[in-house]
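Here is start-v7.cif, consisting of mmCIF, C-alpha atoms:
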data_target
loop_
_atom_site.label_atom_id
_atom_site.label_comp_id
_atom_site.auth_asym_id
_atom_site.auth_seq_id
_atom_site.Cartn_x
_atom_site.Cartn_y
_atom_site.Cartn_z
CA MET V 6 -2.37 16.53 24.47
CA SER V 7 -0.97 15.14 21.25
CA VAL V 8 -3.19 14.54 18.28
CA PRO V 9 -3.35 10.82 17.42
CA GLU V 10 -1.65 10.16 14.10
CA LYS V 11 -2.33 7.24 11.81
CA GLY V 12 -0.40 4.23 13.02
CA GLY V 13 2.24 4.27 15.70
CA ASP V 14 2.02 4.55 19.46
CA SER V 15 -0.11 7.69 19.66
CA PHE V 16 -2.92 6.00 17.76
CA ARG V 17 -2.66 2.89 19.92
CA LYS V 18 -2.72 4.92 23.13
CA PHE V 19 -5.68 6.94 21.93
CA TYR V 20 -7.48 3.73 21.00
CA THR V 21 -6.89 2.20 24.44
CA LYS V 22 -7.94 5.37 26.20
CA SER V 23 -11.13 5.97 24.27
CA PHE V 24 -12.40 2.48 23.46
CA SER V 25 -14.20 1.87 26.75
CA THR V 26 -16.14 5.13 26.50
CA LEU V 27 -17.13 4.46 22.92
CA LEU V 28 -18.23 0.91 23.63
CA LYS V 29 -20.41 2.03 26.54
CA VAL V 30 -22.07 4.71 24.46
CA ALA V 31 -22.72 2.27 21.63
CA TYR V 32 -23.98 -0.46 23.94
CA HIS V 33 -26.41 1.75 25.85
CA ILE V 34 -27.94 3.01 22.64
CA THR V 35 -28.08 -0.30 20.78
CA LEU V 36 -28.55 -2.58 23.80
CA ASP V 37 -26.64 -5.14 21.79
CA MET V 38 -23.00 -5.86 22.60
CA ASP V 39 -22.22 -7.45 19.23
CA ALA V 40 -23.61 -4.44 17.42
CA ALA V 41 -21.72 -2.10 19.75
CA GLU V 42 -18.48 -3.94 18.97
CA ASP V 43 -19.03 -3.64 15.23
CA ILE V 44 -19.93 0.02 15.54
CA CYS V 45 -16.76 0.81 17.48
CA GLN V 46 -14.68 -0.98 14.88
CA GLU V 47 -16.39 0.93 12.09
CA ALA V 48 -15.86 4.22 13.93
CA PHE V 49 -12.12 3.60 14.28
CA ILE V 50 -11.83 2.65 10.62
CA ARG V 51 -13.53 5.93 9.70
CA PHE V 52 -11.28 7.72 12.14
CA TYR V 53 -8.18 6.17 10.59
CA ASN V 54 -9.24 6.92 7.01
CA ARG V 55 -10.51 10.45 7.67
CA PRO V 56 -9.19 13.01 5.18
CA PHE V 57 -8.68 15.70 7.84
CA SER V 58 -6.82 16.16 11.12
CA PHE V 59 -7.89 17.30 14.58
CA PRO V 60 -6.54 20.27 16.49
CA SER V 61 -6.45 18.26 19.72
CA GLU V 62 -7.03 14.80 21.14
CA ASP V 63 -10.21 16.03 22.83
CA GLN V 64 -11.61 17.10 19.49
CA ALA V 65 -10.72 13.69 18.06
CA LEU V 66 -12.58 12.01 20.92
CA TYR V 67 -15.67 14.22 20.49
CA TRP V 68 -15.69 13.39 16.80
CA LEU V 69 -15.45 9.66 17.50
CA ILE V 70 -18.22 9.78 20.10
CA ARG V 71 -20.42 11.63 17.64
CA VAL V 72 -19.77 8.99 14.96
CA VAL V 73 -20.49 6.15 17.40
CA LYS V 74 -23.66 7.84 18.66
CA ASN V 75 -24.97 8.38 15.14
CA LEU V 76 -24.11 4.86 14.00
CA SER V 77 -25.73 3.44 17.12
CA PHE V 78 -28.98 5.36 16.74
CA ASN V 79 -29.11 4.42 13.07
CA TYR V 80 -28.67 0.78 14.03
CA ARG V 81 -31.34 1.03 16.69
CA LYS V 82 -33.82 2.66 14.36
CA ARG V 83 -33.19 -0.02 11.77
CA LYS V 84 -33.71 -2.78 14.32
CA VAL V 85 -36.90 -1.21 15.65
CA THR V 86 -38.26 -0.97 12.13
CA GLU V 87 -37.39 -4.61 11.54
CA TYR V 88 -39.06 -5.73 14.74
CA ARG V 89 -42.15 -3.69 14.00
CA ALA V 90 -42.29 -5.30 10.59
CA MET V 91 -42.15 -8.66 12.33
CA ASP V 92 -44.82 -7.49 14.77
CA LYS V 93 -42.36 -7.79 17.62
CA ILE V 94 -42.24 -4.31 19.03
CA LYS V 95 -41.15 -5.48 22.41
CA GLN V 96 -37.61 -6.67 21.99
CA GLU V 97 -35.70 -8.40 24.71
CA PRO V 98 -32.26 -6.80 24.46
CA GLU V 99 -29.10 -8.77 24.89
CA ARG V 100 -27.93 -8.53 28.44
CA ILE V 101 -24.54 -8.62 30.00
CA GLU V 102 -24.31 -11.54 32.36
CA ALA V 103 -23.81 -10.43 35.90
CA SER V 104 -22.20 -12.43 38.62
CA GLY V 105 -22.24 -12.31 42.42
CA GLU V 106 -24.64 -12.85 45.24
CA ASP V 107 -26.95 -9.93 44.40
CA LEU V 108 -27.30 -11.20 40.85
CA LEU V 109 -31.09 -11.27 40.81
CA ILE V 110 -31.68 -7.73 42.12
CA GLU V 111 -29.00 -6.26 39.94
CA LYS V 112 -30.31 -7.96 36.84
CA GLU V 113 -33.79 -6.69 37.51
CA THR V 114 -32.55 -3.14 38.13
CA VAL V 115 -30.49 -3.24 34.97
CA ARG V 116 -33.44 -4.49 32.96
CA ILE V 117 -35.77 -1.79 34.22
CA VAL V 118 -33.26 1.02 33.77
CA GLN V 119 -32.38 -0.11 30.27
CA GLU V 120 -35.99 -0.39 29.23
CA ALA V 121 -36.77 3.04 30.65
CA LEU V 122 -33.72 4.52 28.95
CA GLU V 123 -34.79 2.96 25.69
CA GLN V 124 -38.12 4.76 25.84
CA LEU V 125 -36.59 8.22 26.16
CA PRO V 126 -36.58 10.49 23.11
CA GLU V 127 -33.25 10.49 21.31
CA LYS V 128 -32.23 14.00 22.39
CA TYR V 129 -32.71 13.16 26.08
CA ARG V 130 -31.25 9.71 25.80
CA SER V 131 -28.10 11.03 24.15
CA VAL V 132 -27.26 13.52 26.88
CA LEU V 133 -27.96 11.06 29.66
CA ILE V 134 -25.82 8.33 28.10
CA LEU V 135 -22.97 10.76 27.48
CA LYS V 136 -23.28 12.00 31.06
CA GLU V 137 -23.68 8.70 32.88
CA TYR V 138 -21.69 6.27 30.74
CA ALA V 139 -19.17 8.35 28.78
CA GLY V 140 -18.44 10.45 31.87
CA LEU V 141 -18.50 13.74 29.97
CA ASN V 142 -19.33 17.04 31.62
CA TYR V 143 -21.93 19.48 30.28
CA GLN V 144 -19.40 21.42 28.24
CA GLU V 145 -18.03 18.27 26.60
CA ILE V 146 -21.51 16.94 25.89
CA GLY V 147 -22.32 20.27 24.25
CA ARG V 148 -19.25 19.93 22.01
CA VAL V 149 -20.12 16.38 21.02
CA LEU V 150 -23.74 17.20 20.24
CA ARG V 151 -22.99 20.72 19.01
CA ILE V 152 -25.44 22.36 21.38
CA SER V 153 -24.94 24.95 24.11
CA GLU V 154 -23.97 24.06 27.67
CA GLY V 155 -27.22 25.56 28.93
CA ASN V 156 -29.15 23.35 26.55
CA VAL V 157 -27.30 20.31 27.87
CA LYS V 158 -28.23 21.26 31.44
CA VAL V 159 -31.91 21.51 30.52
CA ARG V 160 -31.90 18.24 28.58
CA VAL V 161 -30.15 16.29 31.33
CA HIS V 162 -32.69 17.49 33.87
CA ARG V 163 -35.68 16.71 31.65
CA ALA V 164 -34.22 13.32 30.81
CA ARG V 165 -33.96 12.47 34.50
CA LEU V 166 -37.53 13.55 35.17
CA GLN V 167 -38.83 11.38 32.34
CA LEU V 168 -36.65 8.46 33.39
CA GLU V 169 -37.96 8.64 36.94
CA THR V 170 -41.52 8.63 35.68
CA LEU V 171 -40.86 5.62 33.50
CA ILE V 172 -39.08 3.69 36.26
CA GLN V 173 -41.80 4.49 38.79
CA GLY V 174 -44.29 3.13 36.27
CA GLU V 175 -42.43 -0.15 36.59
CA ASP V 176 -43.04 -0.09 40.37
CA VAL V 177 -39.36 0.01 41.21
CA ASP V 178 -38.11 1.70 44.29
CA VAL V 179 -35.56 4.34 43.31
CA ARG V 180 -35.45 6.10 46.66
CA MET X 248 -37.92 28.24 49.79
CA CYS X 249 -36.52 25.11 48.15
CA VAL X 250 -33.79 24.99 45.49
CA ASP X 251 -34.89 24.64 41.87
CA ASP X 252 -34.88 20.99 40.74
CA GLN X 253 -32.68 21.75 37.74
CA ILE X 254 -30.07 23.29 40.02
CA LEU X 255 -30.17 20.19 42.21
CA SER X 256 -29.65 18.08 39.08
CA SER X 257 -26.61 20.19 38.16
CA TYR X 258 -25.38 19.92 41.75
CA VAL X 259 -25.52 16.10 41.59
CA ASP X 260 -23.50 16.26 38.36
CA GLY X 261 -20.92 18.55 39.98
CA GLU X 262 -21.66 21.27 37.46
CA LEU X 263 -22.26 24.16 39.86
CA ASP X 264 -19.55 26.72 40.44
CA ALA X 265 -18.12 27.08 43.93
CA HIS X 266 -20.43 29.93 44.94
CA TRP X 267 -23.66 28.13 44.02
CA LYS X 268 -22.39 24.86 45.36
CA GLU X 269 -21.87 26.33 48.82
CA LYS X 270 -25.34 27.85 48.83
CA VAL X 271 -26.99 24.58 47.80
CA GLU X 272 -25.08 22.58 50.39
CA ALA X 273 -26.04 25.05 53.09
CA HIS X 274 -29.68 24.74 52.07
CA ILE X 275 -29.63 20.94 51.88
CA ALA X 276 -28.20 20.76 55.38
CA GLN X 277 -31.43 22.22 56.78
CA CYS X 278 -34.04 21.13 54.16
CA GLU X 279 -35.24 17.54 54.41
CA GLN X 280 -37.19 17.69 51.14
CA CYS X 281 -34.20 18.89 49.07
CA ARG X 282 -31.93 16.39 50.77
CA LEU X 283 -34.31 13.61 49.81
CA ARG X 284 -34.47 14.90 46.25
CA VAL X 285 -30.69 14.93 45.97
CA SER X 286 -30.45 11.37 47.25
CA ARG X 287 -33.07 10.25 44.72
CA LEU X 288 -31.13 11.84 41.89
CA GLN X 289 -27.95 10.16 43.12
CA LYS X 290 -29.75 6.82 43.31
CA LEU X 291 -30.92 7.24 39.76
CA SER X 292 -27.32 7.77 38.60
CA ALA X 293 -26.24 4.70 40.57
CA ASP X 294 -28.97 2.61 38.96
CA LEU X 295 -27.83 3.76 35.55
CA SER X 296 -24.25 2.84 36.44
CA ALA X 297 -25.39 -0.65 37.41
CA ALA X 298 -26.30 -1.24 33.79
CA GLU X 299 -22.72 -0.70 32.67
CA PRO X 300 -20.93 -3.59 30.98
CA ARG X 301 -18.38 -5.29 33.21
CA PRO X 302 -14.73 -4.23 32.78
CA GLU X 303 -13.55 -7.71 31.77
CA VAL X 304 -16.16 -7.78 28.99
CA ILE X 305 -14.97 -4.40 27.74
CA ASP X 306 -11.31 -5.51 27.88
CA ARG X 307 -12.04 -8.64 25.90
CA ILE X 308 -13.88 -6.73 23.20
CA GLU X 309 -11.20 -4.05 23.10
CA ARG X 310 -8.50 -6.64 22.39
CA ARG X 311 -10.63 -8.34 19.75
CA VAL X 312 -11.36 -5.11 17.88
CA ALA X 313 -7.69 -4.05 18.17
CA ALA X 314 -6.61 -7.30 16.50
CA ARG X 315 -9.10 -6.80 13.68
CA LEU X 316 -8.07 -3.18 13.20
CA ASP X 317 -4.41 -4.22 13.05
CA HIS X 318 -5.29 -6.50 10.17
CA LEU X 319 -7.61 -4.09 8.38
CA LEU X 320 -5.60 -0.91 8.76
CA LEU X 321 -2.13 -2.17 7.88
CA PRO X 322 -0.55 -0.24 5.00
CA GLY X 323 -1.12 -1.77 1.55
CA SER X 324 2.55 -2.58 1.04
CA GLU X 325 2.57 -4.79 4.11
CA ARG X 326 -0.56 -6.62 3.09
CA GLY X 327 1.05 -7.74 -0.18
CA PHE X 328 0.19 -7.00 -3.74
CA TRP X 329 -2.12 -9.94 -4.35
CA ASN X 330 -4.24 -9.11 -1.38
CA ARG X 331 -5.01 -5.67 -2.69
CA ARG X 332 -8.35 -4.95 -4.16
CA PHE X 333 -8.75 -3.34 -7.54
CA SER X 334 -11.86 -1.77 -8.86
CA ILE X 335 -12.53 -1.35 -12.56
CA PRO X 336 -15.45 0.81 -13.71
CA ALA X 337 -18.21 -1.30 -15.28
CA PRO X 338 -18.16 0.45 -18.71
CA MET X 339 -14.40 -0.03 -18.97
CA ALA X 340 -14.70 -3.70 -18.05
CA MET X 341 -17.43 -4.18 -20.65
CA ALA X 342 -15.35 -2.48 -23.36
CA ALA X 343 -12.34 -4.64 -22.52
CA LEU X 344 -14.48 -7.77 -22.72
CA LEU X 345 -15.87 -6.78 -26.14
CA CYS X 346 -12.34 -6.10 -27.44
CA LEU X 347 -11.21 -9.51 -26.23
CA VAL X 348 -14.15 -11.29 -27.91
CA PHE X 349 -13.60 -9.41 -31.18
CA LEU X 350 -9.86 -10.08 -31.20
CA SER X 351 -10.21 -13.79 -30.47
CA GLY X 352 -12.90 -14.12 -33.16
CA PHE X 353 -10.64 -12.38 -35.68
CA ILE X 354 -7.70 -14.66 -34.88
CA PHE X 355 -9.92 -17.73 -35.17
CA ILE X 356 -11.25 -16.73 -38.60
CA ARG X 357 -7.75 -15.99 -39.88
CA GLY X 358 -6.64 -19.37 -38.69
CA ILE X 359 -9.18 -21.38 -40.74
CA THR X 360 -9.08 -19.34 -43.98
CA PRO X 361 -6.87 -20.86 -46.81
CA SER X 362 -3.90 -18.67 -47.51
CA GLY X 363 -3.07 -19.96 -51.03
CA THR X 364 -5.01 -19.77 -54.31
CA GLY X 365 -4.98 -23.48 -55.14
CA GLU X 366 -8.13 -25.26 -56.09
CA VAL X 367 -10.39 -26.14 -53.33
CA GLY X 368 -10.50 -29.73 -52.29
CA MET X 369 -7.38 -30.77 -54.28
CA PRO X 370 -4.12 -31.63 -52.63
CA ILE X 371 -1.46 -29.36 -54.04
CA ALA X 372 2.23 -29.05 -53.58
CA ASP X 373 3.40 -26.01 -51.82
CA GLU X 374 4.53 -23.07 -53.88
CA LYS X 375 8.17 -23.51 -53.00
CA GLY X 376 8.48 -26.98 -54.54
CA TYR X 377 6.53 -25.96 -57.60
CA SER X 378 8.75 -23.00 -58.32
CA GLN X 379 11.88 -25.09 -57.79
CA GLY X 380 10.79 -27.41 -60.66
CA LEU X 381 10.17 -24.52 -62.97
CA GLU X 382 13.50 -23.00 -62.11
CA THR X 383 15.25 -26.18 -63.28
CA LEU X 384 13.34 -26.08 -66.52
CA THR X 385 14.11 -22.49 -67.27
CA SER X 386 17.73 -22.66 -66.32
CA SER X 387 18.48 -25.22 -69.04
CA SER X 388 16.57 -23.37 -71.74
CA ALA X 389 17.30 -20.20 -73.64
CA SER X 390 16.99 -16.89 -72.05
CA SER X 391 14.05 -16.09 -74.31
CA MET X 392 11.81 -17.86 -71.88
CA SER X 393 9.90 -15.65 -69.62
CA GLU X 394 10.21 -16.15 -65.90
CA ASN X 395 6.83 -17.80 -65.66
CA PRO X 396 6.47 -20.04 -68.74
CA ASN X 397 3.16 -21.55 -69.64
CA VAL X 398 2.61 -24.87 -71.45
CA GLN X 399 2.42 -23.29 -74.89
CA GLN X 400 5.78 -21.62 -74.42
CA ILE X 401 7.32 -24.92 -73.46
CA PHE X 402 5.95 -26.56 -76.62
CA ASP X 403 7.27 -23.69 -78.74
CA LEU X 404 10.67 -24.06 -77.21
CA LEU X 405 10.74 -27.78 -77.89
CA GLU X 406 9.71 -27.24 -81.48
CA ASN X 407 12.32 -24.58 -82.15
CA SER X 408 15.13 -26.57 -80.66
CA GLY X 409 14.43 -29.58 -82.91
CA GLY X 410 14.03 -31.95 -80.08
CA SER X 411 17.66 -31.75 -79.07
CA ILE X 412 16.98 -30.09 -75.86
CA GLU X 413 17.09 -32.08 -72.75
CA VAL X 414 14.16 -31.43 -70.57
CA ARG X 415 14.31 -32.53 -67.04
CA ILE X 416 11.47 -31.89 -64.73
CA GLU X 417 12.17 -32.40 -61.13
CA LEU X 418 9.52 -32.95 -58.65
CA PRO X 419 9.94 -31.16 -55.41
CA ARG X 420 12.36 -32.97 -53.16
CA LYS X 421 10.13 -32.43 -50.24
CA SER X 422 6.49 -32.72 -51.02
CA ASN X 423 4.44 -31.01 -48.42
CA PHE X 424 0.89 -31.72 -49.32
CA THR X 425 -1.72 -29.95 -47.43
CA VAL X 426 -5.47 -30.21 -47.67
CA HIS X 427 -7.39 -27.02 -48.17
CA GLY X 428 -11.12 -27.01 -47.74
CA GLU X 429 -13.56 -29.87 -47.95
CA PRO X 430 -13.15 -32.60 -50.60
CA GLN X 431 -15.57 -31.97 -53.45
CA LEU X 432 -16.09 -35.64 -54.45
CA LEU X 433 -16.71 -37.08 -51.09
CA ARG X 434 -20.20 -38.39 -50.97
CA ALA X 435 -21.41 -41.72 -49.74
CA ALA X 436 -23.17 -43.91 -52.27
CA ASP X 437 -26.84 -43.82 -51.84
CA TYR X 438 -27.60 -47.50 -52.00
CA ARG X 439 -31.19 -48.36 -51.51
CA GLY X 440 -30.99 -52.11 -51.71
CA GLY X 441 -32.73 -52.76 -55.05
CA GLU X 442 -35.58 -50.50 -54.34
CA SER X 443 -37.33 -49.57 -57.57
CA ARG X 444 -38.94 -46.23 -58.21
#
Kindly return the structure encoded in the file as structure tokens.
Amino acid sequence: MSVPEKGGDSFRKFYTKSFSTLLKVAYHITLDMDAAEDICQEAFIRFYNRPFSFPSEDQALYWLIRVVKNLSFNYRKRKVTEYRAMDKIKQEPERIEASGEDLLIEKETVRIVQEALEQLPEKYRSVLILKEYAGLNYQEIGRVLRISEGNVKVRVHRARLQLETLIQGEDVDVR
Amino acid sequence: MCVDDQILSSYVDGELDAHWKEKVEAHIAQCEQCRLRVSRLQKLSADLSAAEPRPEVIDRIERRVAARLDHLLLPGSERGFWNRRFSIPAPMAMAALLCLVFLSGFIFIRGITPSGTGEVGMPIADEKGYSQGLETLTSSSASSMSENPNVQQIFDLLENSGGSIEVRIELPRKSNFTVHGEPQLLRAADYRGGESR
């Protein structure tokens, strides 16, 4: 794979290919689509102005995902601090409007899953988001987070166990 | 004996190698409990996927960000000179400002200071006209006169020549009178309307 250079078609193709993944990662951490949009834009600006090059397109993508993940968690922490200061710990995150006949059930499922995901510790939340929404395998997640593949396997499993517990606490059937 | 839960989690993610995958599948085929556990893990992944943003939303945002990046990341030459941003360090800006203030103050003071040595408050002819008059006087007299004669020298010259000398004093053809300084005798009369002390 070619390394995306500044400007030109390779950069545009890389942008188109990676944007969806980055936006999903940012959205599922921030739970705010506007913030996710801004974070993706900021990440690409940093990517464009970086003073170094990447050995491969994969490495470029891992770097971008890492930047988006860090920016997103920083945003989330800042927002949580602000809400706590306003004595509004329980925030109602911005939702994506769903459409279709099963709108009600889907919205409820989405709400519960997002709230459960939000309560996970950062290290578990990261691996699960990268697995479920960025579509990365264990090896790729390890490269993004700079941890071993075995560590990723353990974290993904523990994240699922905790998520199940949290969702069951909401009395939702996940059979 | 059931399969370890972590292995089932890896199986759901497709992370087991072919050998382990076959073993797990063979076990699941005959173990109700493990089969149920696998389906629960798969359901959890499906529920997480349900929370994904819709593709049309992603497409719209992608186009919007692309347009903004096109604007922000264009090379400087294409954005035009006047749209570029310059940054000047604060100490340098302060020094430049002080220089400007000093320079303008200096020019202002030079502009109001009288350049000649004439008496203050009296209109005087400019030096050019004055020297032209003297030149006429000295040109018609003997060469014994110094270049800058005073009044006494003029009287001496008249006396020695026995009054036969023709003296012609020309006023400057162009009188450029300029006022230097404030008039000294400009004071309003202090009339108090017959008030006695």
As lines of an AutoDock Vina configuration file, please report the centre and edge lengths, rounded to one decimal in Å, of the axis-aligned box that holds all listed atoms of segment 15-20 of chain V with 8 Å of padding on each of the six sides.
center_x = -3.8
center_y = 5.3
center_z = 20.4
size_x = 23.4
size_y = 20.8
size_z = 21.4
Selection result for the PyMOL selection byres ((chain X) within 10 of (chain V)) on this file, as JSON, numbers by chain: {"X": [252, 253, 254, 255, 256, 257, 260, 261, 262, 283, 284, 286, 287, 288, 289, 290, 291, 292, 293, 294, 295, 296, 297, 298, 299, 300, 301, 302, 304, 305, 306, 308, 309, 310, 311, 312, 313, 315, 316, 317, 319, 320, 321, 322]}
Distance of atom CA of Gln277 of chain X from atom CA of Leu263 of chain X, expressed in Å to one decimal place: 19.3 Å
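Across the model, the gap from atom CA of Glu303 of chain X to atom CA of Lys74 of chain V is 22.7 Å.
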For atom CA of Lys270 of chain X and atom CA of Gln167 of chain V, the interatomic separation in Å (one decimal): 26.9 Å
Which of X:Cys249, X:Leu418, X:Ile401, X:Val348 sits closest to Gln280 of chain X [using all atoms listed in the file]: X:Cys249
Ref. answer, residues at most 7 Å from (-16.0, 19.0, 23.6) with only C-alpha atoms, as a PyMOL selection string: chain V and resi 63-64+67+144-149
Explicit residues for the PyMOL selection byres ((chain V and resi 79) around 12) (as a PDB file with C-alpha atoms, in the frame of the given file):
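Here's the written file expr-v9.pdb:
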ATOM      1  CA  ALA V  31     -22.720   2.270  21.630  1.00  0.00           C
ATOM      2  CA  ILE V  34     -27.940   3.010  22.640  1.00  0.00           C
ATOM      3  CA  THR V  35     -28.080  -0.300  20.780  1.00  0.00           C
ATOM      4  CA  ALA V  40     -23.610  -4.440  17.420  1.00  0.00           C
ATOM      5  CA  ALA V  41     -21.720  -2.100  19.750  1.00  0.00           C
ATOM      6  CA  ILE V  44     -19.930   0.020  15.540  1.00  0.00           C
ATOM      7  CA  VAL V  72     -19.770   8.990  14.960  1.00  0.00           C
ATOM      8  CA  VAL V  73     -20.490   6.150  17.400  1.00  0.00           C
ATOM      9  CA  LYS V  74     -23.660   7.840  18.660  1.00  0.00           C
ATOM     10  CA  ASN V  75     -24.970   8.380  15.140  1.00  0.00           C
ATOM     11  CA  LEU V  76     -24.110   4.860  14.000  1.00  0.00           C
ATOM     12  CA  SER V  77     -25.730   3.440  17.120  1.00  0.00           C
ATOM     13  CA  PHE V  78     -28.980   5.360  16.740  1.00  0.00           C
ATOM     14  CA  TYR V  80     -28.670   0.780  14.030  1.00  0.00           C
ATOM     15  CA  ARG V  81     -31.340   1.030  16.690  1.00  0.00           C
ATOM     16  CA  LYS V  82     -33.820   2.660  14.360  1.00  0.00           C
ATOM     17  CA  ARG V  83     -33.190  -0.020  11.770  1.00  0.00           C
ATOM     18  CA  LYS V  84     -33.710  -2.780  14.320  1.00  0.00           C
ATOM     19  CA  VAL V  85     -36.900  -1.210  15.650  1.00  0.00           C
ATOM     20  CA  THR V  86     -38.260  -0.970  12.130  1.00  0.00           C
ATOM     21  CA  GLU V 127     -33.250  10.490  21.310  1.00  0.00           C
TER      22      GLU V 127
END
